[in-house]
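Trainee: Dropping the structure in here first, questions after.
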Amino acid sequence: MDFKLSEEQELIRSNVREFALKYIEPVAAEIDSNSRQPSEILEKLGELGMMGISYPTQYGGGGAEFLTTMLVTEELGRSCATTSFLHSYSYGLVGHPILTYANEEQKERWMPGLAAGQVVGAFALTEPGAGTDVSSATTTAVKKGDEYILNGTKTFITNAILADVFVAFAYTDRSAGPKGMSAFLIPKGTPGLELGQHFEKMGVRGSQTSEVVFKDCVVPDDSLLGQEGQGFKIAMSALDVGRIGIAAMSTGMAQGCLDESIKYSKERVQFKKPIASQQAIQWFIANMAVDIDAARFLYMNAAWIKDQGWPFSVAASKAKLFCSECAARHATKAVQILGGYGFVKGSRAERFYRDVKLAEIGEGTSEAQRMIIAGSVLR
Ligand SMILES: Cc1cc2nc3c(=O)[nH]c(=O)nc-3n(C[C@H](O)[C@H](O)[C@H](O)COP(=O)(O)OP(=O)(O)OC[C@H]3O[C@@H](n4cnc5c(N)ncnc54)[C@H](O)[C@@H]3O)c2cc1C
């Protein structure tokens, strides 16, 4: 068994770390406090080839393994959850379904821009009444001649206000249950595609989250992604990939919490010595270090399984569950180590404390992951 990253992967990892220290760390708090989409950073990452590093070269990608993308997501998460989340989202929930299910014309239209960090995509699945229970969605797409007419409301849609393209899901045949759901690629500006409520959030505040409303939204039938009736499968497949991304992002955030805890505990003097010399603090830090290693192995394992072309759905759920809960556990500890300084606005620990919560909810809650894992072990 080989746990060693390739030289190229190590280099990419250290380049992204340097990039994050230079361009992201200085603005991460401001991205959070102003709820600002870090578009300039994503574009820069695109210029460096980091948005599409695992896409095929024919679409402007780097042709690397999926694991390499996840290493980038992790390193970004160590500095800024928003940037990491948007990096992972772009690959998992937009690039992956297009790459896997789109026809050649659709791929040529969208993939190079995604790889360059110039095309922003949104994944529109969740509805006000259909979160974990995706199949209870009510958005419909009715075929009339060579067009579909979409009606319905999607909620919590990341990037909706900025998206060039929506990967949207609607029932073409409700009577068929999940097998009657279809996926569409809908460009921005399509009449009838409107924005609804915009949400202010507790964490990952730089990502933009809104409702999307389809009101007699007419799209040509070549907007279909994959075949009619494949929508549910496409959505689940995208979420499987996205979950590894959330796991990598969470590992990065946990590492960021450890970085902060080490730095602060060595500097902070109480009772005439650094708090790092107190065994209670050392145990917090030791537990963090162990959990982070375990988290990293789990997400890398899931990514590696995907790279082998093997089924990776359960491995992705295990990684997402463990890594997100690991990050949440240790963000709490990082705030504890920083004491009052961790509780006040502006500390990295405080930001991670709020940011990590998304990892336990988005792209399937921890309970949803446990349902998938339990289903796989109890069958
Ligand atoms: C910041 C943010 C960004 C998002 N971006 C997107 C996006 O871009 N596109 C998109 O489509 N969606 C997006 N989502 C939606 C996200 O995927 C959902 O919030 C998530 O799947 C949970 O759905 P819900 O919020 O409706 O919660 P619900 O499904 O209503 O769940 C509420 C609670 O009940 C629990 N629960 C539900 N069913 C069960 C069960 N059977 N057994 C045990 N417990 C259960 C859940 O685990 C949770 O604790 C985003 C969400 C957030 C917060």
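FYI, nothing fancy with the structure tokens labels: chains A, B, ... in order, residues from 1 per chain, ligands from 1 as they appear.
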For Gly145 of chain A, please output as a list in words all residues within 10 Å (counting only C-alpha atoms; exclusion window: fewer than 2 positions along the same chain).
Mentor: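 Neighbouring residues, sequence-local ones excluded: Val142, Lys143, Glu147, Tyr148, Pro220 and Asp221 of chain A.
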Trainee: So that I can check the surroundings of Gly46 of chain A, please list as a tab-separated table (two decimals) with N, CA and C atoms, in the first residue's frame every protein, DNA and RNA residue that reaches within 8 Å of it, counting only C-alpha atoms and ignoring chain neighbours fewer than 6 positions away.
Mentor:
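Written output follows (out-v5.tsv):
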chain	number	residue	atom	x	y	z
A	52	GLY	N	-9.37	23.67	-12.62
A	52	GLY	CA	-9.67	22.55	-13.51
A	52	GLY	C	-8.56	21.53	-13.57
A	115	ALA	N	-12.93	25.31	-16.16
A	115	ALA	CA	-11.51	25.00	-15.90
A	115	ALA	C	-10.70	26.28	-15.68
A	116	ALA	N	-11.10	27.34	-16.39
A	116	ALA	CA	-10.35	28.60	-16.28
A	116	ALA	C	-10.81	29.44	-15.10
A	117	GLY	N	-11.84	29.00	-14.40
A	117	GLY	CA	-12.35	29.79	-13.26
A	117	GLY	C	-13.15	30.99	-13.74
A	118	GLN	N	-13.57	30.98	-15.02
A	118	GLN	CA	-14.31	32.13	-15.55
A	118	GLN	C	-15.81	31.87	-15.63
Trainee: Can you pull out every residue within 8 Å of Val165 of chain A, counting only C-alpha atoms, but drop anything in the same chain fewer than 6 positions away, and send it as a list in words?
Mentor: Val119, Val120, Gly121, Ala122, Leu185, Ile186, Pro187 and Lys188 of chain A
Trainee: Report as number ranges by chain: the residues of segment 144-357 of chain A with a DSSP assignment of alpha helix (DSSP H), based on the backbone of this structure.
Mentor: A: 231-267, 279-307, 313-338, 340-343, 348-357
Trainee: Please extract the residues at most 9 Å from ligand 1, counting only C-alpha atoms and all ligand atoms, and provide them as an NGL selection string, using the chain letters and residue numbers of this document.
Mentor: :A and (89 or 93 or 122-134 or 154-160 or 168-169 or 199 or 201-205 or 207-210 or 235 or 239 or 357-371)
Trainee: As an exercise, work out the distance from atom CA of Ile337 of chain A to atom CA of Ile275 of chain A in Å and give it to one decimal place.
Mentor: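 Rounded to one decimal, the two atoms are 8.6 Å apart.
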